[in-house]
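Data block for query.txt (compact mmCIF, C-alpha atoms):
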```txt
# COMPACT_ATOMS: atom_id res chain seq x y z
CA MET M 191 101.78 76.24 97.00
CA TYR M 192 103.02 79.43 95.42
CA ARG M 193 106.70 79.19 96.40
CA HIS M 194 109.50 77.02 97.76
CA ASN M 195 110.53 75.54 101.15
CA HIS M 196 113.52 75.93 103.47
CA GLY M 197 114.70 74.55 106.85
CA ALA M 198 112.72 74.75 110.11
CA GLN M 199 112.97 76.52 113.46
CA GLN M 200 110.57 77.59 116.18
CA LYS M 201 109.35 81.16 116.80
CA ARG M 202 109.82 82.94 120.12
CA VAL M 203 107.74 85.92 121.27
CA GLY M 204 107.97 88.66 123.83
CA ASP M 205 109.89 91.18 125.92
CA ALA M 206 109.06 93.54 128.76
CA ASP M 207 109.20 96.68 126.64
CA GLY M 208 106.13 95.67 124.65
CA GLU M 209 104.26 94.99 127.89
CA GLU M 210 104.95 98.47 129.22
CA THR M 211 103.86 100.07 125.95
CA SER M 212 100.71 98.03 125.87
CA LYS M 213 99.73 98.82 129.45
CA ARG M 214 100.64 102.46 129.33
CA ALA M 215 98.54 103.34 126.29
CA ARG M 216 95.44 101.26 127.02
CA PRO M 217 92.41 103.45 127.73
CA ASP M 218 90.37 102.64 130.81
CA ASN M 219 87.40 101.38 128.83
CA ALA M 220 89.37 99.19 126.43
CA PRO M 221 89.59 95.46 127.10
CA SER M 222 92.91 93.83 127.92
CA PRO M 223 93.64 90.68 125.94
CA ALA M 224 94.57 88.63 128.98
CA SER M 225 96.43 85.80 127.23
CA ALA M 226 97.84 87.76 124.30
CA PRO M 227 101.63 88.07 123.99
CA ARG M 228 102.92 91.59 124.57
CA SER M 229 105.38 91.72 121.69
CA LEU M 230 106.77 89.87 118.68
CA SER M 231 110.46 89.32 118.02
CA VAL M 232 111.91 90.29 114.64
CA ARG M 233 115.10 88.20 114.96
CA ARG M 234 115.74 86.68 111.54
CA GLN M 235 116.82 83.25 112.73
CA LEU M 236 113.38 82.66 114.25
CA TYR M 237 111.80 82.77 110.80
CA ASP M 238 114.36 80.75 108.83
CA ARG M 239 112.21 77.63 108.56
CA HIS M 240 109.98 75.97 105.95
CA PHE M 241 108.51 78.39 103.42
CA PRO M 242 104.85 78.93 104.38
CA VAL M 243 101.93 78.11 102.13
CA TYR M 244 101.21 81.08 99.87
CA LYS M 245 98.41 80.44 97.40
CA GLN M 246 98.69 81.82 93.88
CA PRO M 247 97.04 85.28 94.11
CA VAL M 248 93.73 85.59 92.25
CA GLU M 249 92.59 88.94 90.90
CA VAL M 250 89.01 89.49 92.07
CA GLY M 251 88.74 93.02 90.69
CA HIS M 252 90.40 96.34 89.97
CA PHE M 253 89.75 100.06 90.13
CA SER M 254 91.04 103.35 88.79
CA LEU M 255 91.82 106.74 90.30
CA ASP M 256 91.65 109.70 87.94
CA SER M 257 93.62 112.97 87.88
CA GLY M 258 91.57 114.23 90.83
CA ARG M 259 91.90 110.97 92.85
CA ASN M 260 88.27 110.13 92.11
CA PHE M 261 87.42 106.42 92.40
CA PHE M 262 86.07 104.38 89.46
CA SER M 263 85.37 100.65 89.67
CA ASP M 264 86.82 100.05 86.20
CA ALA M 265 90.09 99.83 84.25
CA ARG M 266 90.15 103.28 82.64
CA GLN M 267 93.65 103.99 83.99
CA LEU M 268 95.21 100.69 82.88
CA ARG M 269 98.23 101.19 80.65
CA TYR M 270 100.03 98.88 78.22
CA TYR M 271 103.74 98.11 78.17
CA ALA M 272 105.65 99.32 75.11
CA ALA M 273 109.08 97.72 75.39
CA PRO M 274 111.88 100.29 74.99
CA ARG M 275 115.20 99.66 73.27
CA ARG M 276 117.89 98.10 75.45
CA SER M 277 119.75 101.44 75.64
CA PRO M 278 116.97 103.99 75.09
CA GLY M 279 118.62 107.18 76.35
CA PHE M 280 115.39 108.45 77.93
CA ASP M 281 115.73 111.84 79.65
CA LEU M 282 113.97 111.38 82.99
CA ARG M 283 114.33 115.08 83.87
CA ASP M 284 112.19 116.16 80.94
CA GLY M 285 108.90 117.74 82.02
CA TYR M 286 109.71 118.02 85.73
CA ARG M 287 109.41 121.81 85.71
CA ASP M 288 106.48 122.29 83.34
CA ARG M 289 104.51 119.02 82.83
CA PHE M 290 104.22 117.51 86.31
CA VAL M 291 101.17 117.36 88.58
CA LYS M 292 102.24 115.89 91.91
CA ARG M 293 99.86 114.12 94.23
CA ASP M 294 99.66 115.70 97.69
CA ASP M 295 101.21 112.93 99.77
CA GLY M 296 100.34 114.84 102.94
CA VAL M 297 96.71 113.78 102.39
CA LYS M 298 96.21 110.40 104.05
CA GLU M 299 93.62 108.30 102.23
CA ARG M 300 94.00 105.30 104.54
CA LEU M 301 92.01 102.31 103.23
CA ASP M 302 89.24 104.42 101.70
CA HIS M 303 89.73 103.39 98.05
CA VAL M 304 89.93 99.69 98.93
CA LEU M 305 86.76 100.06 101.01
CA ARG M 306 84.96 101.74 98.09
CA TRP M 307 85.91 98.80 95.90
CA ILE M 308 84.52 96.35 98.49
CA LEU M 309 81.19 98.18 98.63
CA ALA M 310 80.97 98.25 94.83
CA ASN M 311 81.89 94.56 94.48
CA ARG M 312 80.81 92.98 97.70
CA SER M 313 79.38 89.81 96.12
CA LYS M 314 82.89 88.90 94.98
CA VAL M 315 84.33 88.75 98.49
CA GLU M 316 81.43 88.16 100.85
CA CYS M 317 81.24 85.03 102.92
CA ARG M 318 79.65 81.86 101.63
CA ASP M 319 77.77 80.79 104.75
CA GLY M 320 75.26 83.66 104.88
CA ALA M 321 76.92 85.40 107.83
CA ARG M 322 77.50 89.17 107.72
CA ALA M 323 81.31 89.16 107.55
CA LEU M 324 83.45 89.23 104.42
CA GLY M 325 85.05 85.92 103.56
CA VAL M 326 88.58 87.10 104.38
CA ASP M 327 90.62 87.54 107.55
CA PHE M 328 92.50 90.69 106.52
CA VAL M 329 91.90 93.71 104.28
CA THR M 330 94.83 96.04 103.54
CA TRP M 331 97.08 97.63 100.93
CA ARG M 332 99.86 95.64 99.26
CA GLY M 333 102.36 98.29 100.41
CA HIS M 334 101.60 97.56 104.08
CA LEU M 335 102.33 93.87 103.54
CA THR M 336 105.52 94.77 101.65
CA LYS M 337 106.73 96.60 104.76
CA LEU M 338 106.05 93.50 106.84
CA LEU M 339 107.96 91.25 104.44
CA THR M 340 111.05 93.48 104.54
CA THR M 341 110.96 94.16 108.31
CA PRO M 342 113.48 91.46 109.35
CA TYR M 343 116.09 93.15 107.14
CA GLU M 344 115.13 96.80 107.64
CA THR M 345 117.66 98.88 109.60
CA GLN M 346 116.53 102.48 108.91
CA GLU M 347 112.76 102.99 109.00
CA GLY M 348 110.18 101.84 111.53
CA TRP M 349 106.42 101.64 111.01
CA LEU M 350 103.03 102.03 112.65
CA LEU M 351 100.11 99.84 111.59
CA ALA M 352 96.61 100.50 112.90
CA VAL M 353 94.27 97.49 113.10
CA SER M 354 90.52 97.40 113.71
CA LYS M 355 88.13 94.45 113.63
CA LEU M 356 84.72 94.77 111.93
CA ASP M 357 82.34 91.84 111.50
CA GLY M 358 85.16 89.35 112.00
CA THR M 359 87.54 90.88 109.43
CA LEU M 360 90.75 92.66 110.46
CA TYR M 361 91.56 95.88 108.60
CA ILE M 362 95.19 97.09 108.55
CA SER M 363 95.97 100.75 107.77
CA GLU M 364 99.38 102.43 108.01
CA VAL M 365 99.93 105.47 110.23
CA GLU M 366 102.74 107.85 109.26
CA THR M 367 105.56 107.84 111.81
CA GLU M 368 107.07 111.08 113.04
CA ASP M 369 110.35 110.22 111.32
CA ALA M 370 108.55 109.61 108.02
CA ARG M 371 106.64 112.88 108.36
CA ARG M 372 109.86 114.83 108.98
CA ASN M 373 111.56 113.16 106.03
CA ARG M 374 108.59 113.92 103.78
CA GLU M 375 108.45 117.58 104.81
CA ASN M 376 112.22 118.08 104.49
CA ARG M 377 113.00 116.41 101.17
CA THR M 378 115.68 118.11 99.12
CA GLU M 379 114.89 119.40 95.64
CA ARG M 380 117.17 116.68 94.26
CA HIS M 381 115.19 114.00 96.13
CA GLU M 382 111.88 115.39 94.84
CA GLU M 383 113.15 115.36 91.26
CA MET M 384 114.51 111.82 91.55
CA MET M 385 111.10 110.65 92.77
CA TYR M 386 109.67 112.13 89.55
CA TRP M 387 112.15 110.12 87.48
CA GLY M 388 110.36 106.86 88.28
CA TYR M 389 107.04 108.23 87.04
CA LYS M 390 108.70 109.65 83.94
CA PHE M 391 110.16 106.26 83.08
CA GLU M 392 106.64 104.83 83.22
CA GLN M 393 105.49 107.49 80.77
CA TYR M 394 108.24 106.52 78.32
CA ALA M 395 107.35 102.81 78.57
CA CYS M 396 103.52 102.84 78.65
CA ALA M 397 100.75 103.45 76.13
CA ASP M 398 97.10 104.19 76.84
CA ASP M 399 95.80 101.41 74.59
CA PRO M 400 97.17 98.07 73.33
CA HIS M 401 98.03 99.36 69.87
CA GLY M 402 99.17 102.86 70.84
CA SER M 403 102.54 104.44 71.51
CA PRO M 404 103.87 106.19 74.62
CA ASP M 405 103.47 109.98 74.78
CA PRO M 406 106.55 111.35 76.57
CA ASP M 407 105.43 114.92 75.78
CA GLY M 408 102.30 114.58 77.92
CA VAL M 409 101.75 115.56 81.55
CA VAL M 410 102.90 113.26 84.36
CA ASN M 411 100.09 113.27 86.93
CA THR M 412 100.80 111.08 89.97
CA ASN M 413 97.19 111.27 91.15
CA GLU M 414 96.26 108.80 88.43
CA ALA M 415 96.45 105.11 89.25
CA PHE M 416 95.22 101.68 88.26
CA CYS M 417 94.98 99.19 91.11
CA THR M 418 94.48 95.44 91.19
CA VAL M 419 92.53 93.77 93.99
CA VAL M 420 93.71 90.25 94.78
CA GLN M 421 92.75 87.48 97.13
CA THR M 422 95.15 84.86 98.43
CA ARG M 423 96.06 82.88 101.51
CA LEU M 424 99.28 83.01 103.55
CA SER M 425 99.39 80.02 105.90
CA GLU M 426 95.92 80.10 107.51
CA HIS M 427 95.35 83.81 106.81
CA LYS M 428 92.93 84.71 104.03
CA LEU M 429 93.98 88.05 102.55
CA LEU M 430 92.30 90.68 100.40
CA PHE M 431 94.59 93.50 99.35
CA SER M 432 95.04 96.07 96.62
CA GLY M 433 98.13 97.46 94.97
CA GLU M 434 98.94 99.86 92.17
CA VAL M 435 99.85 98.31 88.81
CA ASP M 436 102.12 100.15 86.37
CA CYS M 437 101.03 98.39 83.18
CA ARG M 438 100.17 95.09 81.52
CA ASP M 439 101.54 93.04 78.63
CA ARG M 440 99.89 94.31 75.43
CA ASN M 441 99.97 90.86 73.79
CA PRO M 442 96.37 89.56 73.36
CA SER M 443 97.59 86.03 74.21
CA ALA M 444 99.13 87.14 77.51
CA PRO M 445 97.86 85.25 80.59
CA PRO M 446 95.01 86.73 82.63
CA PRO M 447 95.73 89.15 85.51
CA PRO M 448 97.74 89.33 87.62
CA ALA M 449 100.16 87.23 85.53
CA CYS M 450 100.07 89.77 82.66
CA TYR M 451 101.05 92.72 84.85
CA ILE M 452 104.49 94.34 84.72
CA GLU M 453 106.19 96.45 87.39
CA LEU M 454 108.42 99.33 86.21
CA LYS M 455 111.40 100.57 88.23
CA THR M 456 114.40 102.87 87.94
CA SER M 457 117.75 102.49 89.64
CA ALA M 458 121.24 103.97 89.44
CA GLU M 459 123.50 102.25 86.94
CA ILE M 460 125.90 99.70 88.44
CA HIS M 461 129.65 100.05 87.94
CA THR M 462 131.33 98.21 90.82
CA PRO M 463 130.92 94.87 92.66
CA LYS M 464 129.99 96.79 95.81
CA GLN M 465 127.20 98.63 93.99
CA ARG M 466 125.91 95.32 92.59
CA SER M 467 125.98 93.76 96.05
CA ASN M 468 124.02 96.68 97.52
CA PHE M 469 121.52 96.42 94.66
CA HIS M 470 120.99 92.74 95.43
CA ARG M 471 120.77 93.24 99.20
CA TYR M 472 118.52 96.28 99.45
CA LYS M 473 116.76 97.22 96.24
CA LEU M 474 115.96 93.72 95.00
CA LEU M 475 114.49 92.82 98.40
CA LYS M 476 111.87 95.56 98.09
CA TRP M 477 111.27 94.89 94.40
CA TRP M 478 110.78 91.18 95.03
CA ALA M 479 108.43 91.68 97.99
CA GLN M 480 106.30 94.24 96.14
CA SER M 481 105.80 92.05 93.06
CA PHE M 482 105.72 88.60 94.69
CA LEU M 483 102.77 89.47 96.93
CA PRO M 484 100.22 90.17 94.12
CA GLY M 485 101.74 87.66 91.70
CA VAL M 486 103.29 90.15 89.27
CA PRO M 487 105.83 88.05 87.33
CA GLN M 488 108.04 90.67 85.66
CA ILE M 489 109.95 93.76 86.74
CA VAL M 490 111.42 96.01 84.05
CA ALA M 491 114.20 98.25 85.37
CA GLY M 492 115.61 101.34 83.72
CA PHE M 493 119.17 101.93 84.90
CA ARG M 494 120.02 105.63 84.79
CA ASP M 495 123.09 107.80 85.20
CA HIS M 496 123.55 110.66 87.67
CA ASP M 497 121.86 113.11 85.30
CA GLY M 498 118.71 111.03 84.82
CA LYS M 499 119.50 109.47 81.43
CA VAL M 500 118.37 105.84 81.06
CA VAL M 501 121.45 103.99 79.84
CA SER M 502 120.08 100.44 79.90
CA VAL M 503 116.87 98.47 80.45
CA GLU M 504 116.80 95.03 82.07
CA THR M 505 113.95 92.63 82.81
CA PHE M 506 113.87 90.62 86.03
CA GLN M 507 111.63 87.63 86.58
CA THR M 508 110.18 87.93 90.09
CA SER M 509 110.53 84.16 90.57
CA GLY M 510 114.23 84.34 89.65
CA ILE M 511 115.30 87.07 92.06
CA SER M 512 115.97 84.63 94.90
CA HIS M 513 118.46 82.83 92.63
CA LEU M 514 120.19 86.10 91.71
CA ILE M 515 121.00 86.81 95.37
CA LYS M 516 121.88 83.29 96.52
CA ASN M 517 125.65 83.86 96.24
CA GLU M 518 125.55 87.07 98.30
CA TYR M 519 127.01 86.48 101.76
CA ASN M 520 124.44 86.77 104.58
CA CYS M 521 121.80 88.10 102.20
CA TRP M 522 118.04 88.25 102.69
CA LYS M 523 115.91 85.12 102.40
CA PRO M 524 112.36 84.99 101.00
CA THR M 525 111.40 82.37 103.59
CA VAL M 526 112.32 84.70 106.47
CA CYS M 527 110.24 87.50 104.93
CA MET M 528 107.15 85.37 104.42
CA ASN M 529 107.31 83.59 107.77
CA PHE M 530 107.64 86.87 109.63
CA CYS M 531 104.62 88.27 107.78
CA SER M 532 102.61 85.13 108.57
CA ASP M 533 103.59 85.21 112.25
CA PHE M 534 102.81 88.91 112.50
CA LEU M 535 99.30 88.26 111.16
CA SER M 536 98.91 85.45 113.72
CA PHE M 537 100.09 87.87 116.42
CA VAL M 538 97.48 90.40 115.29
CA LYS M 539 94.73 87.77 115.44
CA THR M 540 95.77 86.86 118.98
CA VAL M 541 95.84 90.48 120.16
CA VAL M 542 92.84 92.00 118.35
CA ARG M 543 89.92 90.18 119.95
CA VAL M 544 87.27 92.90 120.18
CA ASP M 545 85.01 93.51 117.18
CA ASP M 546 84.68 97.31 117.36
CA SER M 547 85.51 99.74 114.55
CA ARG M 548 86.12 102.53 117.08
CA LEU M 549 88.84 100.53 118.79
CA VAL M 550 92.28 100.67 117.18
CA TYR M 551 95.18 98.41 118.07
CA LEU M 552 98.30 100.31 117.05
CA PHE M 553 101.22 98.01 116.24
CA SER M 554 104.60 99.70 116.39
CA TRP M 555 108.06 98.68 115.28
CA ASP M 556 111.47 100.37 115.18
CA PRO M 557 114.71 98.82 113.90
CA HIS M 558 116.47 96.58 116.43
CA ARG M 559 113.33 96.40 118.58
CA ASP M 560 110.43 93.98 118.95
CA VAL M 561 106.96 94.69 117.59
CA SER M 562 104.72 96.06 120.35
CA TYR M 563 101.21 97.48 120.44
CA SER M 564 98.93 99.93 122.23
CA ILE M 565 95.14 100.23 122.29
CA HIS M 566 93.14 103.39 121.52
CA ARG M 567 89.40 104.10 121.51
CA ASP M 568 87.85 107.02 119.57
CA SER M 569 91.29 108.43 118.84
CA GLU M 570 93.19 110.09 116.01
CA TYR M 571 94.06 106.56 114.81
CA THR M 572 90.46 105.52 114.05
CA PHE M 573 90.38 104.88 110.30
CA LEU M 574 87.25 102.94 109.29
CA PRO M 575 84.85 105.63 107.97
CA ASP M 576 81.22 105.88 109.06
CA TRP M 577 79.98 105.53 105.47
CA TYR M 578 81.66 102.13 105.20
CA ILE M 579 80.48 100.85 108.59
CA LYS M 580 76.91 101.97 107.88
CA GLU M 581 76.82 100.35 104.44
CA MET M 582 78.34 97.10 105.67
CA SER M 583 75.76 96.84 108.45
CA ARG M 584 72.90 97.72 106.10
CA ARG M 585 73.64 95.13 103.45
CA PRO M 586 73.74 91.57 104.77
CA CYS M 587 75.93 89.00 103.11
CA ARG M 588 74.50 86.67 100.47
CA GLU M 589 75.80 83.26 99.49
CA THR M 590 77.99 83.41 96.39
CA SER M 591 80.20 81.15 94.30
CA ALA M 592 82.36 84.02 93.02
CA GLN M 593 84.95 83.83 95.80
CA PRO M 594 88.23 82.01 95.01
CA ASN M 595 88.78 78.67 96.70
CA LEU M 596 91.62 79.45 99.09
```
Is it possible to give me this structure as structure tokens?
Amino acid sequence: MYRHNHGAQQKRVGDADGEETSKRARPDNAPSPASAPRSLSVRRQLYDRHFPVYKQPVEVGHFSLDSGRNFFSDARQLRYYAAPRRSPGFDLRDGYRDRFVKRDDGVKERLDHVLRWILANRSKVECRDGARALGVDFVTWRGHLTKLLTTPYETQEGWLLAVSKLDGTLYISEVETEDARRNRENRTERHEEMMYWGYKFEQYACADDPHGSPDPDGVVNTNEAFCTVVQTRLSEHKLLFSGEVDCRDRNPSAPPPPACYIELKTSAEIHTPKQRSNFHRYKLLKWWAQSFLPGVPQIVAGFRDHDGKVVSVETFQTSGISHLIKNEYNCWKPTVCMNFCSDFLSFVKTVVRVDDSRLVYLFSWDPHRDVSYSIHRDSEYTFLPDWYIKEMSRRPCRETSAQPNL
């Protein structure tokens, strides 16, 4: 097992609101899952039980996206960590006006890059029994799972997750909420610049090759990315997901991926006990969830002042974060996060019965509400592309020994 255990309690499901949503949005020609629950509670106490089985994530592949968001099934965008001084004084504002190419985050790529990786590496994840399906229950992005882990403690932002079933595998793709769209389109200039600061910190701390040095005078282009693809199992759910990786340990004796990967973060410097408490309660929750899922063991944080100067650098062990927060009153619990994610995936399996890529089950959640769902056929929510469906149907599965034993 990947992590620890806690005390037990039973899960409870359902309220009338989810039933109304489900009935109202179901198209006439979509099937009704007769015995499926209508909603899923997010009450924390329901998930404060034994920590679920989470197998050590295994990297089955990786891919790169270049400056034009073009896909390459290789590691050309992998960078190497160059440890900065403890108080480096990096200027995170440098280059924002004249050396910054920003990815258009209004363009929704859905699962397309993950699907391209699957087609290029299908023998690594196909089933062992000769059937047509992949040998996993779920395919998604790490970021979508991160949102699920943090849901029991989220009080500000809801989410929409579209799910379709193809050849026995469930694909989960996020849909932008109206609130998120408004926030994205109405960001202040200060907010935009502070988003840049995180990428700039990466530039200061990463080199393009194991023996090189960072180039802080270069262009920051947020189209570029290196992504790991991992396989693991949460309870009875076999997962395949991908997530962006900032860099890896440059030491030749470092362990194999994902244990050599390092996550880079920035955060406001901490002066008061209240600020430290908020850091533990909110920021460390998201940092932990993001790195725990793919098995990234280290998070390096640059703490910066109001003007974007990095005043200190601190390394957090992902496995030690739960101990850092244990003295915080009524703080988040890893077991609640993981059990909710596991139960949500079980809920999805119960609801999404029909194997049809044109049918989307849209799961919806807002703070202080239950998770509910609606069903849509041939709608704006359809996300599995024709090129993927055609290729998957054209190439039958072959037996392979390459798949991890989960």
- Query: So which one's closest to Trp478 (chain M), M:Val409, M:Val526, M:Val503, M:Leu339? Using only C-alpha atoms, please.
  - Reply: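 Under the stated criterion, the closest residue is M:Leu339.
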- Item | Counting only C-alpha atoms, the residue of M:His401, M:Arg306, M:Lys580, M:Lys473 that sits nearest Ser547 (chain M) |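 For Ser547 (chain M), the nearest of the candidates is M:Lys580.
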Closest atom pairs, region 454-502 of chain M residues within 12 Å of region 431-450 of chain M, all atoms listed in the file, as JSON lines:
```
{"residue": "M:Leu454", "atom": "CA", "partner": "M:Asp436", "partner_atom": "CA", "distance": 6.4}
{"residue": "M:Lys455", "atom": "CA", "partner": "M:Asp436", "partner_atom": "CA", "distance": 9.5}
{"residue": "M:Gln480", "atom": "CA", "partner": "M:Gly433", "partner_atom": "CA", "distance": 8.9}
{"residue": "M:Ser481", "atom": "CA", "partner": "M:Gly433", "partner_atom": "CA", "distance": 9.6}
{"residue": "M:Phe482", "atom": "CA", "partner": "M:Pro448", "partner_atom": "CA", "distance": 10.7}
{"residue": "M:Leu483", "atom": "CA", "partner": "M:Phe431", "partner_atom": "CA", "distance": 9.4}
{"residue": "M:Pro484", "atom": "CA", "partner": "M:Pro448", "partner_atom": "CA", "distance": 7.0}
{"residue": "M:Gly485", "atom": "CA", "partner": "M:Pro448", "partner_atom": "CA", "distance": 6.0}
{"residue": "M:Val486", "atom": "CA", "partner": "M:Ala449", "partner_atom": "CA", "distance": 5.7}
{"residue": "M:Pro487", "atom": "CA", "partner": "M:Ala449", "partner_atom": "CA", "distance": 6.0}
{"residue": "M:Gln488", "atom": "CA", "partner": "M:Cys450", "partner_atom": "CA", "distance": 8.6}
{"residue": "M:Ile489", "atom": "CA", "partner": "M:Asp436", "partner_atom": "CA", "distance": 10.1}
{"residue": "M:Val490", "atom": "CA", "partner": "M:Asp436", "partner_atom": "CA", "distance": 10.4}
```
- Query: So what do you get for CA of Pro557 (chain M) versus CA of Tyr519 (chain M), distance-wise?
  - Reply: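 The value is 21.2 Å.
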- Shortest interatomic distance to Trp477 (chain M) - which of M:Thr340, M:Ser225, M:Asn517, M:His381, counting all atoms listed in the file: M:Thr340
- Query: From the list M:Arg471, M:Arg228, M:Arg293, M:Arg423, which residue is nearest Asp256 (chain M) when using all atoms listed in the file?
  - Reply: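 Distance minimum relative to Asp256 (chain M) lands on M:Arg293.
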- Do you have the CA of Ser457 (chain M)-CA of Phe493 (chain M) distance handy?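 CA of Ser457 (chain M) sits 5.0 Å away from CA of Phe493 (chain M).
Closest approach to Gly402 (chain M) among M:Thr462, M:Tyr270, M:Cys521, M:His513 is made by M:Tyr270 (distances from only C-alpha atoms).
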- Message: Between CA of Phe262 (chain M) and CA of Glu392 (chain M), what is the distance in Å, rounded to a tenth?
- Response: 21.5 Å
- Message: Quick one: residues within 8 Å of Ser502 (chain M), only C-alpha atoms, excluding same-chain residues fewer than 4 positions away - as a PyMOL selection string?
- Response: chain M and resi 276-279+492-494
- Message: Nearest residue to Ile579 (chain M) out of M:Ser231, M:Thr418, M:Ser354, M:Ser467, using all atoms listed in the file?
- Response: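 Checking each candidate against Ile579 (chain M), we get M:Ser354 as the closest.
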- Place a sphere of radius 7 Å on (88.2, 90.6, 97.9) in the file coordinates and name every protein, DNA or RNA residue with an atom inside or on its surface, counting only C-alpha atoms; give the answer as a PyMOL selection string. chain M and resi 250+308+314-315+419-421+430
I'd like the contact shell of Val410 (chain M) - 7 Å cut-off, only C-alpha atoms, skipping same-chain residues fewer than 2 positions apart - returned as a JSON list (two decimals) with C-alpha atoms, in the frame of the given file.
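The resulting file, out_24.json, is reproduced below:
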```
[["chain", "number", "residue", "atom", "x", "y", "z"],
["M", 289, "ARG", "CA", 104.51, 119.02, 82.83],
["M", 290, "PHE", "CA", 104.22, 117.51, 86.31],
["M", 291, "VAL", "CA", 101.17, 117.36, 88.58],
["M", 390, "LYS", "CA", 108.70, 109.65, 83.94],
["M", 408, "GLY", "CA", 102.30, 114.58, 77.92],
["M", 412, "THR", "CA", 100.80, 111.08, 89.97]]
```
- Task: Fewer than 2 positions away in the same chain doesn't count, so skip those; otherwise give me all residues within 8 Å of Tyr386 (chain M), counting all atoms listed in the file, as a ChimeraX atom specification.
- Result: /M:282-283,286,382-384,388-390
